There are 2 protein chains.
Amino acid sequence: MIIPKSILPKLEVRLASLPRIFLFVVCVALAAQAQTDPLPSWNSGPAKQAILNFVHTTTDQANSNYVPPEERFATFDQDGTIWVEHPMYTQMVFAFARVKELAPQHPEWKTTQPFSAILAGDVAAMQKFTPKDFEAIFVATHTGMTVEAFQSMAKEWLASAKDQRWHRPYTELIYEPMLEVMRYLRANGYKTYIVTGGGQDFVRVFSDQVYGVPPEQVIGSAVETQYAYDAAGKGVLMRPPKLLLNNNFSGKPEDIYLFIGRHPKAAFGNSTGDQQMLEYTQAGSGATLEMIVLHDDAQREYAYGPAEGLPNSAIGTFTQALYDEAKSRGWFVISMKNDWKRIFAWEK
Amino acid sequence: MIIPKSILPKLEVRLASLPRIFLFVVCVALAAQAQTDPLPSWNSGPAKQAILNFVHTTTDQANSNYVPPEERFATFDQDGTIWVEHPMYTQMVFAFARVKELAPQHPEWKTTQPFSAILAGDVAAMQKFTPKDFEAIFVATHTGMTVEAFQSMAKEWLASAKDQRWHRPYTELIYEPMLEVMRYLRANGYKTYIVTGGGQDFVRVFSDQVYGVPPEQVIGSAVETQYAYDAAGKGVLMRPPKLLLNNNFSGKPEDIYLFIGRHPKAAFGNSTGDQQMLEYTQAGSGATLEMIVLHDDAQREYAYGPAEGLPNSAIGTFTQALYDEAKSRGWFVISMKNDWKRIFAWEK
């Protein structure tokens with residue numbers, strides 16, 4: 001908040017009549033407000049301004065677009081929106097690593113696709129994997145165990161695995177500007193949810209520590225679980241190979257409704273897989289905020305999507321059509337190159 | 001807290017040396033503690049004591065069974081546990097009312113079961129309804145509209161409908177002692193969830209106002225929703241006639257895991273439909289609390305279950321077997337007759 005110089009004398013006169021302690025409190029509050037930028041990793045520009053405006057508008061009781069605290073929900077896609085998704089989804093890297101780990105128990109995989117391609121590191125073959133191939137990999141690596149056993153596997157892998165480019169744990173490949181948005185929203189009474197096409201159970205293993213988002217605020221693709229009894233008669237939940245929620249495209253608004261029961265007020269994505277979530281957010285009443293992250297920074301991260309003419313995929317990517325829809329609907333496109341001062345917390 | 005008279009003079013001497021304002025604060029705090037019973041509608045007894053012990057144990061950092069705030073979850077069945085379910089589930093009364101309301105648009109219902117029985121008020125026929133009949137009623141009354149249209153219908157009906165015995169809105173047939181437990185748990189950092197075999201969307205319409213439980217903390221049976229576009233190109237969610245979650249029996253722990261991702265620390269139910277939820281709660285680590293409400297008060301509410309030898313139903317009821325399991329597992333049985341001083345807030 002900047003106070004125009006012209007009103008300072010007037011303010012001084014009025015303040016002079018107030019008790020000293022109150023004056024002190026007012027000064028501290030004004031100083032704090034003047035100095036604190038809730039989004040320090042953002043460059044000034046329409047994207048940053050849109051976030052600030054949205055929060056001011058919806059938390060100001062005098063504003064016609066005021067949103068009561070119990071209705072403040074903001075949803076964030078994960079892959080490509082709050083952490084790196086290129087060149088391969090982290091959960092896919094995990095699945096491939098699991099295949100290698102499980103291989104000794106499956107000698108037949110040496111000669112069976114898609115497993116043989118993974119074991120041989122045959123990139124050309126992997127790039128031709130069909131949805132059926134991915135399903136087979138998923139069933140072999142993500143199902144057939146208790147939910148706790150799966151959580152342990154994911155936790156263990158995440159603790160040791162490192163990405164090929166930065167040689168850091170995947171849980172450090174988080175976009176600092178988006179963490180700032182999450183914190184800023186939470187500081188203003190918003191509940192932040194992750195709404196990911198990735199596996200709900202996988203993301204819940206680290207969401208609280210990494211994003212400050214507790215497990216119950218992670219909505220993702222999910223297998224059915226099956227209640228059973230272990231040898232001691234204790235109730236356990238198994239993971240059978242049956243998909244319950246496919247949290248992509250239309251699945252996102254459908255599952256948001258299932259979990260939250262209402263429209264989010266703000267939504268952040270980066271691909272056609274998020275398009276329906278953004279539409280659904282905008283379809284709610286009052287002021288809303290929709291933003292998509294454009295990966296246009298090959299130097300600091302990656303450049304793909306409309307700029308590079310990359311093809312659409314089964315999971316969704318940032319197509320030219322999405323870019324055009326964003327423009328026509330008034331969604332904000334976040335340019336990683338121009339809007340973000342830094343991308344990762346550990347950057348100099 | 002009661003201070004034995006013998007120590008009062010000692011206390012007085014010590015207090016005399018303290019500054020006056022501090023003395024005042026201490027006195028107010030002691031008085032408040034002495035007077036406040038968080039469960040005033042409960043008679044003293046093992047059930048009340050179990051709740052108090054559980055909260056003390058799990059919120060005391062010095063206790064080995066301390067539960068950190070982020071893991072404090074308590075789940076409550078609805079029908080028969082926190083509101084009246086007898087002689088018919090409220091949502092079923094709503095469905096029957098909807099059949100009557102929709103009848104003019106369905107002249108064929110006059111001669112088609114199960115609708116004709118409802119329209120004719122044929123209780124004998126209604127008592128013979130099969131699961132297929134209930135499904136037909138459910139499809140006709142609960143599906144085929146947008147989620148908002150369904151919410152409006154439910155809200156409207158709940159605002160005007162009254163029960164036959166007390167002539168009060170159904171949302172006043174809430175067990176005050178259980179509301180006290182919910183409030184007491186929340187005051188101690190627990191998140192309270194409703195985990196109901198009833199429809200998630202139906203309960204979400206009034207859960208916040210009636211129980212202080214926001215929509216996102218209601219887990220219930222749910223139809224799939226289907227994302228579509230209205231004539232103006234706006235994204236809407238439709239309710240097709242397809243069940244996604246059947247939140248009864250094993251469905252309860254499965255759906256609790258889907259929504260929350262962990263074991264509750266406390267669970268409250270009243271029927272075999274809640275048994276697996278209670279088992280799953282107990283299967284978690286540390287101190288847990290499992291309680292089942294026994295309807296043994298024909299005068300103030302209803303008496304049914306083991307005392308009355310009522311048969312088991314598809315939805316679940318309080319059978320002798322459940323009573324025996326409760327005893328063998330150390331679950332607490334709440335006797336409405338003996339443990340509850342009053343049942344409804346509006347009782348004298």
# chains A, B, ... in the order shown; residues from 1 in each chain; ligands from 1
>>> closest_atom_pairs(of="chain A", to="chain B", cutoff="10 Å", atoms="only C-alpha atoms", output="JSON lines")
{"residue": "A:Glu70", "atom": "CA", "partner": "B:Pro214", "partner_atom": "CA", "distance": 7.9}
{"residue": "A:Glu71", "atom": "CA", "partner": "B:Pro214", "partner_atom": "CA", "distance": 9.7}
{"residue": "A:Val147", "atom": "CA", "partner": "B:Tyr257", "partner_atom": "CA", "distance": 9.1}
{"residue": "A:Glu148", "atom": "CA", "partner": "B:Arg262", "partner_atom": "CA", "distance": 9.5}
{"residue": "A:Gln200", "atom": "CA", "partner": "B:Leu258", "partner_atom": "CA", "distance": 8.5}
{"residue": "A:Asp201", "atom": "CA", "partner": "B:Gly261", "partner_atom": "CA", "distance": 7.7}
{"residue": "A:Arg204", "atom": "CA", "partner": "B:Gly261", "partner_atom": "CA", "distance": 7.7}
{"residue": "A:Val205", "atom": "CA", "partner": "B:Gly261", "partner_atom": "CA", "distance": 9.7}
{"residue": "A:Asp208", "atom": "CA", "partner": "B:Glu70", "partner_atom": "CA", "distance": 9.8}
{"residue": "A:Pro214", "atom": "CA", "partner": "B:Glu70", "partner_atom": "CA", "distance": 7.9}
{"residue": "A:Pro215", "atom": "CA", "partner": "B:Gly261", "partner_atom": "CA", "distance": 6.1}
{"residue": "A:Glu216", "atom": "CA", "partner": "B:Ile260", "partner_atom": "CA", "distance": 4.3}
{"residue": "A:Gln217", "atom": "CA", "partner": "B:Ile260", "partner_atom": "CA", "distance": 8.0}
{"residue": "A:Val218", "atom": "CA", "partner": "B:Phe259", "partner_atom": "CA", "distance": 8.5}
{"residue": "A:Ile219", "atom": "CA", "partner": "B:Phe259", "partner_atom": "CA", "distance": 8.1}
{"residue": "A:Gly220", "atom": "CA", "partner": "B:Leu258", "partner_atom": "CA", "distance": 9.6}
{"residue": "A:Ala222", "atom": "CA", "partner": "B:Leu258", "partner_atom": "CA", "distance": 7.8}
{"residue": "A:Val223", "atom": "CA", "partner": "B:Leu258", "partner_atom": "CA", "distance": 9.1}
{"residue": "A:Glu224", "atom": "CA", "partner": "B:Glu254", "partner_atom": "CA", "distance": 7.8}
{"residue": "A:Thr225", "atom": "CA", "partner": "B:Glu254", "partner_atom": "CA", "distance": 5.7}
{"residue": "A:Gln226", "atom": "CA", "partner": "B:Glu254", "partner_atom": "CA", "distance": 6.6}
{"residue": "A:Tyr227", "atom": "CA", "partner": "B:Ser250", "partner_atom": "CA", "distance": 5.7}
{"residue": "A:Ala228", "atom": "CA", "partner": "B:Ser250", "partner_atom": "CA", "distance": 8.4}
{"residue": "A:Tyr229", "atom": "CA", "partner": "B:Tyr280", "partner_atom": "CA", "distance": 9.9}
{"residue": "A:Gly233", "atom": "CA", "partner": "B:Ala283", "partner_atom": "CA", "distance": 9.6}
{"residue": "A:Lys234", "atom": "CA", "partner": "B:Ala283", "partner_atom": "CA", "distance": 6.1}
{"residue": "A:Gly235", "atom": "CA", "partner": "B:Tyr280", "partner_atom": "CA", "distance": 5.4}
{"residue": "A:Val236", "atom": "CA", "partner": "B:Tyr280", "partner_atom": "CA", "distance": 7.2}
{"residue": "A:Leu237", "atom": "CA", "partner": "B:Glu254", "partner_atom": "CA", "distance": 7.0}
{"residue": "A:Met238", "atom": "CA", "partner": "B:Glu254", "partner_atom": "CA", "distance": 9.3}
{"residue": "A:Leu244", "atom": "CA", "partner": "B:Leu244", "partner_atom": "CA", "distance": 8.3}
{"residue": "A:Leu245", "atom": "CA", "partner": "B:Leu244", "partner_atom": "CA", "distance": 9.5}
{"residue": "A:Phe249", "atom": "CA", "partner": "B:Tyr227", "partner_atom": "CA", "distance": 9.5}
{"residue": "A:Ser250", "atom": "CA", "partner": "B:Tyr227", "partner_atom": "CA", "distance": 5.7}
{"residue": "A:Gly251", "atom": "CA", "partner": "B:Tyr227", "partner_atom": "CA", "distance": 7.8}
{"residue": "A:Lys252", "atom": "CA", "partner": "B:Tyr227", "partner_atom": "CA", "distance": 9.2}
{"residue": "A:Pro253", "atom": "CA", "partner": "B:Tyr227", "partner_atom": "CA", "distance": 7.1}
{"residue": "A:Glu254", "atom": "CA", "partner": "B:Thr225", "partner_atom": "CA", "distance": 5.7}
{"residue": "A:Asp255", "atom": "CA", "partner": "B:Thr225", "partner_atom": "CA", "distance": 8.4}
{"residue": "A:Ile256", "atom": "CA", "partner": "B:Glu216", "partner_atom": "CA", "distance": 9.7}
{"residue": "A:Tyr257", "atom": "CA", "partner": "B:Thr225", "partner_atom": "CA", "distance": 8.3}
{"residue": "A:Leu258", "atom": "CA", "partner": "B:Ala222", "partner_atom": "CA", "distance": 7.8}
{"residue": "A:Phe259", "atom": "CA", "partner": "B:Glu216", "partner_atom": "CA", "distance": 5.8}
{"residue": "A:Ile260", "atom": "CA", "partner": "B:Glu216", "partner_atom": "CA", "distance": 4.3}
{"residue": "A:Gly261", "atom": "CA", "partner": "B:Pro215", "partner_atom": "CA", "distance": 6.1}
{"residue": "A:Arg262", "atom": "CA", "partner": "B:Pro215", "partner_atom": "CA", "distance": 8.5}
{"residue": "A:Gln276", "atom": "CA", "partner": "B:Gly235", "partner_atom": "CA", "distance": 7.6}
{"residue": "A:Met277", "atom": "CA", "partner": "B:Gly235", "partner_atom": "CA", "distance": 9.2}
{"residue": "A:Leu278", "atom": "CA", "partner": "B:Gly235", "partner_atom": "CA", "distance": 9.6}
{"residue": "A:Glu279", "atom": "CA", "partner": "B:Gly235", "partner_atom": "CA", "distance": 6.2}
{"residue": "A:Tyr280", "atom": "CA", "partner": "B:Gly235", "partner_atom": "CA", "distance": 5.4}
{"residue": "A:Thr281", "atom": "CA", "partner": "B:Gly235", "partner_atom": "CA", "distance": 8.9}
{"residue": "A:Gln282", "atom": "CA", "partner": "B:Gly235", "partner_atom": "CA", "distance": 8.6}
{"residue": "A:Ala283", "atom": "CA", "partner": "B:Lys234", "partner_atom": "CA", "distance": 6.1}
{"residue": "A:Gly284", "atom": "CA", "partner": "B:Gly235", "partner_atom": "CA", "distance": 9.3}
>>> residues_around(residues="A:Ser221", least_positions_apart="6", cutoff="8 Å", atoms="only C-alpha atoms", output="number ranges by chain")
A: 196-200, 243-248
>>> residues_around(residues="stretch 170-179 of chain B", least_positions_apart="2", cutoff="6 Å", atoms="only C-alpha atoms", output="list in words")
Ser41, Ile82, Trp83, Val84, Val181, Met182, Ile343, Phe344 and Ala345 of chain B
>>> residues_around(residues="B:Phe206", least_positions_apart="4", cutoff="8 Å", atoms="only C-alpha atoms", output="ChimeraX atom specification")
/B:155,171,202,210-211
>>> write_last_selection(atoms="all heavy atoms", output="CSV table (one decimal), in the first residue's frame")
chain,number,residue,atom,x,y,z
B,155,LYS,N,-33.2,-29.1,-0.8
B,155,LYS,CA,-33.3,-28.0,0.1
B,155,LYS,C,-34.8,-27.6,0.3
B,155,LYS,O,-35.2,-27.4,1.4
B,155,LYS,CB,-32.5,-26.8,-0.5
B,155,LYS,CG,-31.9,-25.9,0.5
B,155,LYS,CD,-31.0,-24.9,-0.2
B,155,LYS,CE,-29.6,-25.4,-0.5
B,155,LYS,NZ,-28.7,-24.5,-1.2
B,171,THR,N,-34.6,-31.9,10.0
B,171,THR,CA,-33.3,-31.4,10.4
B,171,THR,C,-33.3,-30.9,11.9
B,171,THR,O,-32.3,-30.4,12.4
B,171,THR,CB,-32.8,-30.2,9.5
B,171,THR,OG1,-34.0,-29.3,9.4
B,171,THR,CG2,-32.5,-30.7,8.1
B,202,PHE,N,-27.4,-35.2,-0.9
B,202,PHE,CA,-28.6,-34.9,-0.1
B,202,PHE,C,-28.1,-34.4,1.3
B,202,PHE,O,-28.6,-33.3,1.8
B,202,PHE,CB,-29.4,-36.2,0.1
B,202,PHE,CG,-30.6,-36.0,0.9
B,202,PHE,CD1,-31.8,-35.4,0.4
B,202,PHE,CD2,-30.7,-36.5,2.2
B,202,PHE,CE1,-32.9,-35.2,1.1
B,202,PHE,CE2,-31.9,-36.3,3.0
B,202,PHE,CZ,-33.0,-35.7,2.4
B,210,VAL,N,-26.6,-27.8,10.1
B,210,VAL,CA,-27.2,-28.6,11.1
B,210,VAL,C,-26.1,-29.3,12.0
B,210,VAL,O,-26.3,-29.3,13.2
B,210,VAL,CB,-28.1,-29.7,10.5
B,210,VAL,CG1,-28.5,-30.8,11.5
B,210,VAL,CG2,-29.3,-29.1,9.8
B,211,TYR,N,-25.0,-29.7,11.4
B,211,TYR,CA,-24.0,-30.4,12.2
B,211,TYR,C,-22.7,-29.6,12.3
B,211,TYR,O,-21.8,-30.0,13.0
B,211,TYR,CB,-23.6,-31.7,11.5
B,211,TYR,CG,-24.8,-32.7,11.3
B,211,TYR,CD1,-25.2,-33.0,10.0
B,211,TYR,CD2,-25.4,-33.3,12.4
B,211,TYR,CE1,-26.2,-33.9,9.8
B,211,TYR,CE2,-26.4,-34.2,12.2
B,211,TYR,CZ,-26.8,-34.5,10.9
B,211,TYR,OH,-27.9,-35.4,10.7
>>> select_by_dssp(residues="stretch 82-133 of chain A", states="helix (DSSP H, G or I)", output="PyMOL selection string")
chain A and resi 90-105+107-111+115-120+123-126+131-133
>>> select_by_dssp(residues="stretch 33-144 of chain B", states="strand (DSSP E)", output="PyMOL selection string")
chain B and resi 73-76
>>> write_last_selection(atoms="all heavy atoms", output="PDB file, in the first residue's frame")
ATOM      1  N   PHE B  73      -8.895 -37.120  12.986  1.00  0.00           N
ATOM      2  CA  PHE B  73     -10.108 -37.289  12.180  1.00  0.00           C
ATOM      3  C   PHE B  73     -11.107 -38.150  12.943  1.00  0.00           C
ATOM      4  O   PHE B  73     -10.726 -39.182  13.504  1.00  0.00           O
ATOM      5  CB  PHE B  73      -9.782 -37.976  10.849  1.00  0.00           C
ATOM      6  CG  PHE B  73      -9.044 -37.093   9.884  1.00  0.00           C
ATOM      7  CD1 PHE B  73      -7.655 -37.017   9.917  1.00  0.00           C
ATOM      8  CD2 PHE B  73      -9.733 -36.325   8.963  1.00  0.00           C
ATOM      9  CE1 PHE B  73      -6.967 -36.183   9.048  1.00  0.00           C
ATOM     10  CE2 PHE B  73      -9.051 -35.495   8.079  1.00  0.00           C
ATOM     11  CZ  PHE B  73      -7.667 -35.425   8.121  1.00  0.00           C
ATOM     12  N   ALA B  74     -12.350 -37.715  12.956  1.00  0.00           N
ATOM     13  CA  ALA B  74     -13.415 -38.507  13.572  1.00  0.00           C
ATOM     14  C   ALA B  74     -14.545 -38.640  12.569  1.00  0.00           C
ATOM     15  O   ALA B  74     -14.916 -37.667  11.912  1.00  0.00           O
ATOM     16  CB  ALA B  74     -13.914 -37.835  14.842  1.00  0.00           C
ATOM     17  N   THR B  75     -15.080 -39.852  12.425  1.00  0.00           N
ATOM     18  CA  THR B  75     -16.111 -40.093  11.422  1.00  0.00           C
ATOM     19  C   THR B  75     -17.423 -40.526  12.087  1.00  0.00           C
ATOM     20  O   THR B  75     -17.418 -41.318  13.024  1.00  0.00           O
ATOM     21  CB  THR B  75     -15.659 -41.176  10.425  1.00  0.00           C
ATOM     22  OG1 THR B  75     -15.290 -42.361  11.143  1.00  0.00           O
ATOM     23  CG2 THR B  75     -14.467 -40.706   9.609  1.00  0.00           C
ATOM     24  N   PHE B  76     -18.519 -39.992  11.576  1.00  0.00           N
ATOM     25  CA  PHE B  76     -19.843 -40.257  12.130  1.00  0.00           C
ATOM     26  C   PHE B  76     -20.773 -40.768  11.035  1.00  0.00           C
ATOM     27  O   PHE B  76     -20.970 -40.083  10.035  1.00  0.00           O
ATOM     28  CB  PHE B  76     -20.454 -38.973  12.703  1.00  0.00           C
ATOM     29  CG  PHE B  76     -19.742 -38.436  13.904  1.00  0.00           C
ATOM     30  CD1 PHE B  76     -18.564 -37.705  13.769  1.00  0.00           C
ATOM     31  CD2 PHE B  76     -20.234 -38.666  15.177  1.00  0.00           C
ATOM     32  CE1 PHE B  76     -17.896 -37.208  14.887  1.00  0.00           C
ATOM     33  CE2 PHE B  76     -19.572 -38.175  16.298  1.00  0.00           C
ATOM     34  CZ  PHE B  76     -18.404 -37.453  16.153  1.00  0.00           C
TER      35      PHE B  76
END
>>> residues_around(residues="B:Ala103", least_positions_apart="4", cutoff="12 Å", atoms="only C-alpha atoms", output="PDB file with N, CA and C atoms, in the first residue's frame")
ATOM      1  N   PHE B  96     -40.023 -40.677  -1.758  1.00  0.00           N
ATOM      2  CA  PHE B  96     -41.453 -40.962  -1.916  1.00  0.00           C
ATOM      3  C   PHE B  96     -42.224 -39.674  -2.216  1.00  0.00           C
ATOM      4  N   ALA B  97     -41.851 -38.590  -1.543  1.00  0.00           N
ATOM      5  CA  ALA B  97     -42.508 -37.307  -1.795  1.00  0.00           C
ATOM      6  C   ALA B  97     -42.252 -36.844  -3.227  1.00  0.00           C
ATOM      7  N   ARG B  98     -41.019 -37.085  -3.704  1.00  0.00           N
ATOM      8  CA  ARG B  98     -40.676 -36.724  -5.080  1.00  0.00           C
ATOM      9  C   ARG B  98     -41.519 -37.525  -6.075  1.00  0.00           C
ATOM     10  N   VAL B  99     -41.756 -38.811  -5.769  1.00  0.00           N
ATOM     11  CA  VAL B  99     -42.579 -39.649  -6.649  1.00  0.00           C
ATOM     12  C   VAL B  99     -43.968 -39.019  -6.777  1.00  0.00           C
ATOM     13  N   PRO B 107     -48.126 -40.569 -15.981  1.00  0.00           N
ATOM     14  CA  PRO B 107     -49.430 -41.233 -15.753  1.00  0.00           C
ATOM     15  C   PRO B 107     -49.287 -42.754 -15.647  1.00  0.00           C
ATOM     16  N   GLU B 108     -48.253 -43.303 -16.274  1.00  0.00           N
ATOM     17  CA  GLU B 108     -48.056 -44.758 -16.239  1.00  0.00           C
ATOM     18  C   GLU B 108     -47.747 -45.282 -14.838  1.00  0.00           C
ATOM     19  N   TRP B 109     -47.284 -44.389 -13.934  1.00  0.00           N
ATOM     20  CA  TRP B 109     -46.933 -44.823 -12.576  1.00  0.00           C
ATOM     21  C   TRP B 109     -48.154 -45.330 -11.800  1.00  0.00           C
ATOM     22  N   LYS B 110     -49.337 -44.840 -12.182  1.00  0.00           N
ATOM     23  CA  LYS B 110     -50.558 -45.258 -11.471  1.00  0.00           C
ATOM     24  C   LYS B 110     -50.734 -46.762 -11.484  1.00  0.00           C
ATOM     25  N   THR B 111     -50.169 -47.383 -12.530  1.00  0.00           N
ATOM     26  CA  THR B 111     -50.351 -48.846 -12.648  1.00  0.00           C
ATOM     27  C   THR B 111     -49.014 -49.596 -12.691  1.00  0.00           C
ATOM     28  N   THR B 112     -47.935 -48.888 -12.350  1.00  0.00           N
ATOM     29  CA  THR B 112     -46.618 -49.548 -12.375  1.00  0.00           C
ATOM     30  C   THR B 112     -46.030 -49.579 -10.971  1.00  0.00           C
ATOM     31  N   PHE B 115     -44.066 -47.568  -8.090  1.00  0.00           N
ATOM     32  CA  PHE B 115     -44.648 -46.227  -7.971  1.00  0.00           C
ATOM     33  C   PHE B 115     -46.106 -46.245  -7.531  1.00  0.00           C
ATOM     34  N   SER B 116     -46.875 -47.227  -8.057  1.00  0.00           N
ATOM     35  CA  SER B 116     -48.297 -47.260  -7.725  1.00  0.00           C
ATOM     36  C   SER B 116     -48.514 -47.458  -6.226  1.00  0.00           C
ATOM     37  N   ILE B 118     -46.585 -46.419  -3.804  1.00  0.00           N
ATOM     38  CA  ILE B 118     -46.293 -45.149  -3.123  1.00  0.00           C
ATOM     39  C   ILE B 118     -47.452 -44.181  -3.312  1.00  0.00           C
ATOM     40  N   LEU B 119     -47.949 -44.092  -4.554  1.00  0.00           N
ATOM     41  CA  LEU B 119     -49.032 -43.157  -4.851  1.00  0.00           C
ATOM     42  C   LEU B 119     -50.305 -43.530  -4.105  1.00  0.00           C
ATOM     43  N   ALA B 120     -50.519 -44.839  -3.921  1.00  0.00           N
ATOM     44  CA  ALA B 120     -51.728 -45.294  -3.221  1.00  0.00           C
ATOM     45  C   ALA B 120     -51.522 -45.345  -1.704  1.00  0.00           C
ATOM     46  N   ILE B 137     -36.974 -46.337  -7.842  1.00  0.00           N
ATOM     47  CA  ILE B 137     -37.406 -45.101  -7.179  1.00  0.00           C
ATOM     48  C   ILE B 137     -36.265 -44.087  -7.167  1.00  0.00           C
ATOM     49  N   ALA B 140     -35.639 -42.619 -10.641  1.00  0.00           N
ATOM     50  CA  ALA B 140     -36.703 -41.688 -11.043  1.00  0.00           C
ATOM     51  C   ALA B 140     -36.636 -40.364 -10.285  1.00  0.00           C
ATOM     52  N   THR B 141     -36.158 -40.392  -9.044  1.00  0.00           N
ATOM     53  CA  THR B 141     -36.238 -39.197  -8.202  1.00  0.00           C
ATOM     54  C   THR B 141     -34.900 -38.484  -7.993  1.00  0.00           C
TER      55      THR B 141
END
